[in-house]
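Peer 1: Here it is, the structure in full.
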Amino acid sequence: MASGRGVGLVVLVIVAGLVVGSLLGELLGGLLPSGHAQDLIAKGPTIGLTPPVSLDLRFLALTFGLSLKVNLVGVVGIAIAALTLRKL
């Protein structure tokens with residue numbers, strides 16, 4: 001898939017697909033009545049550092065954190081972005 005493309009472009013397209021798909025999942029989940037369909041579309045695992053990691057050096061305090069909330073529509077967004085990138 002990344003034969004003629006830079007790794008940065010591939011990562012950018014996949015992350016964009018995840019962001020757009022997750023946003024659509026949250027919007028669709030808000031429109032559906034509460035129940036199994038809403039849980040399936042809008043909710044998913046949160047992957048990352050929760051809570052964030054803090055490093056205090058007395059003169060400088062740093063906080064590191066990264067969290068990804070993935071839902072079903074986000075995964076579909078990744079697949080669509082990968083297929084689109086493959087066709088380009």
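Naming works like this for the structure tokens: A, B, ... for the chains as they're shown, residue 1 at the start of each chain, ligands 1 onward in shown order.
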Taking the backbone alone, and naming residues the way the document does, which bits of region 17-76 of chain A are helix (DSSP H, G or I) by DSSP, as JSON, numbers by chain?
Peer 2: {"A": [17, 18, 19, 20, 21, 22, 23, 24, 25, 26, 27, 28, 29, 30, 31, 36, 37, 38, 39, 40, 41, 42, 72, 73, 74, 75, 76]}
Peer 1: Restrict the calculation to only C-alpha atoms, then for each residue of region 16-54 of chain A with any atom at most 7 Å from an atom of region 63-69 of chain A give the closest atom pair and their distance in Å to one decimal, rows by chain and rising residue number, as a Markdown table.
Peer 2:
```
| residue | atom | partner | partner_atom | distance |
| --- | --- | --- | --- | --- |
| A:Gly44 | CA | A:Lys69 | CA | 6.5 |
| A:Pro45 | CA | A:Lys69 | CA | 6.0 |
| A:Thr46 | CA | A:Lys69 | CA | 4.3 |
| A:Ile47 | CA | A:Leu68 | CA | 5.1 |
| A:Gly48 | CA | A:Ser67 | CA | 4.3 |
| A:Leu49 | CA | A:Gly65 | CA | 5.5 |
| A:Pro52 | CA | A:Gly65 | CA | 4.4 |
| A:Val53 | CA | A:Phe64 | CA | 5.2 |
| A:Ser54 | CA | A:Thr63 | CA | 4.3 |
```
Peer 1: Find the residues near region 38-42 of chain A: any atom within 8 Å, counting only C-alpha atoms, skip ones fewer than 6 places away on the same chain, and give them as a PDB file with C-alpha atoms, in the first residue's frame.
Peer 2:
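Result file is result_33.pdb:
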```
ATOM      1  CA  GLY A  25     -20.229   7.596  15.005  1.00  0.00           C
ATOM      2  CA  GLU A  26     -20.702  10.068  17.839  1.00  0.00           C
ATOM      3  CA  LEU A  28     -25.156   8.983  14.720  1.00  0.00           C
ATOM      4  CA  GLY A  29     -25.088   7.651  18.262  1.00  0.00           C
ATOM      5  CA  GLY A  30     -26.670  10.866  19.512  1.00  0.00           C
ATOM      6  CA  LEU A  32     -30.369   6.935  17.797  1.00  0.00           C
ATOM      7  CA  ASN A  71     -15.929   3.060  17.761  1.00  0.00           C
ATOM      8  CA  LEU A  72     -17.426   0.893  15.032  1.00  0.00           C
ATOM      9  CA  VAL A  73     -17.934   3.743  12.570  1.00  0.00           C
TER      10      VAL A  73
END
```
Peer 1: Using DSSP on the backbone, list every residue of chain A that comes out as strand (DSSP E), and give them as a ChimeraX atom specification.
Peer 2: /A:46-48,53-56,61-64,67-69
Peer 1: Measuring between only C-alpha atoms, which one of A:Leu62, A:Leu57, A:Val70, A:Val7 shows the shortest distance to Gly21 (chain A)?
Peer 2: A:Val70
Peer 1: Work out how far CA of Val75 (chain A) is from CA of Ile14 (chain A), in Å to one decimal.
Peer 2: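 CA of Ile14 (chain A) sits 9.9 Å away from CA of Val75 (chain A).
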Peer 1: Can you work out the spacing between CA of Val19 (chain A) and CA of Lys43 (chain A) in Å, to one decimal?
Peer 2: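 Computing the Euclidean distance for CA of Val19 (chain A) and CA of Lys43 (chain A) yields 14.3 Å.
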Peer 1: One decimal, Å: what's the distance from CA of Thr50 (chain A) over to CA of Ser22 (chain A), could you say?
Peer 2: 19.0 Å
Peer 1: Excluding Gly77 (chain A) and its own-chain neighbours fewer than 2 positions away, which residues fall within 7 Å of it when counting only C-alpha atoms? Please give them as a ChimeraX atom specification.
Peer 2: /A:17-18,20-21,73-75,79-81
Peer 1: With N, CA and C atoms retained, write the just-selected residues as a PDB file, in the first residue's frame.
Peer 2:
```
ATOM      1  N   GLY A  17      -9.285   9.178   8.437  1.00  0.00           N
ATOM      2  CA  GLY A  17     -10.420   8.263   8.380  1.00  0.00           C
ATOM      3  C   GLY A  17     -10.935   7.916   9.760  1.00  0.00           C
ATOM      4  N   LEU A  18     -10.036   7.720  10.700  1.00  0.00           N
ATOM      5  CA  LEU A  18     -10.435   7.420  12.079  1.00  0.00           C
ATOM      6  C   LEU A  18     -11.164   8.595  12.705  1.00  0.00           C
ATOM      7  N   VAL A  20     -12.746  11.207  11.189  1.00  0.00           N
ATOM      8  CA  VAL A  20     -14.036  11.449  10.540  1.00  0.00           C
ATOM      9  C   VAL A  20     -15.034  10.346  10.905  1.00  0.00           C
ATOM     10  N   GLY A  21     -14.597   9.106  10.894  1.00  0.00           N
ATOM     11  CA  GLY A  21     -15.480   7.995  11.246  1.00  0.00           C
ATOM     12  C   GLY A  21     -15.940   8.061  12.690  1.00  0.00           C
ATOM     13  N   VAL A  73     -17.951   2.902  13.766  1.00  0.00           N
ATOM     14  CA  VAL A  73     -17.934   3.743  12.570  1.00  0.00           C
ATOM     15  C   VAL A  73     -16.523   4.270  12.324  1.00  0.00           C
ATOM     16  N   GLY A  74     -15.734   4.453  13.362  1.00  0.00           N
ATOM     17  CA  GLY A  74     -14.335   4.843  13.190  1.00  0.00           C
ATOM     18  C   GLY A  74     -13.539   3.778  12.466  1.00  0.00           C
ATOM     19  N   VAL A  75     -13.790   2.537  12.775  1.00  0.00           N
ATOM     20  CA  VAL A  75     -13.111   1.429  12.087  1.00  0.00           C
ATOM     21  C   VAL A  75     -13.547   1.379  10.624  1.00  0.00           C
ATOM     22  N   ALA A  79     -11.232   1.836   7.176  1.00  0.00           N
ATOM     23  CA  ALA A  79     -11.292   0.946   6.016  1.00  0.00           C
ATOM     24  C   ALA A  79     -11.574   1.731   4.737  1.00  0.00           C
ATOM     25  N   ILE A  80     -12.495   2.692   4.799  1.00  0.00           N
ATOM     26  CA  ILE A  80     -12.815   3.499   3.619  1.00  0.00           C
ATOM     27  C   ILE A  80     -11.605   4.348   3.229  1.00  0.00           C
ATOM     28  N   ALA A  81     -10.911   4.922   4.213  1.00  0.00           N
ATOM     29  CA  ALA A  81      -9.723   5.727   3.921  1.00  0.00           C
ATOM     30  C   ALA A  81      -8.616   4.869   3.286  1.00  0.00           C
TER      31      ALA A  81
END
```
Peer 1: Would you mind telling me which residue in A:Gly6, A:Val15, A:Leu23, A:Asp56 lies nearest to Ile78 (chain A) when using only C-alpha atoms?
Peer 2: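 Of all the options, A:Val15 lies closest to Ile78 (chain A).
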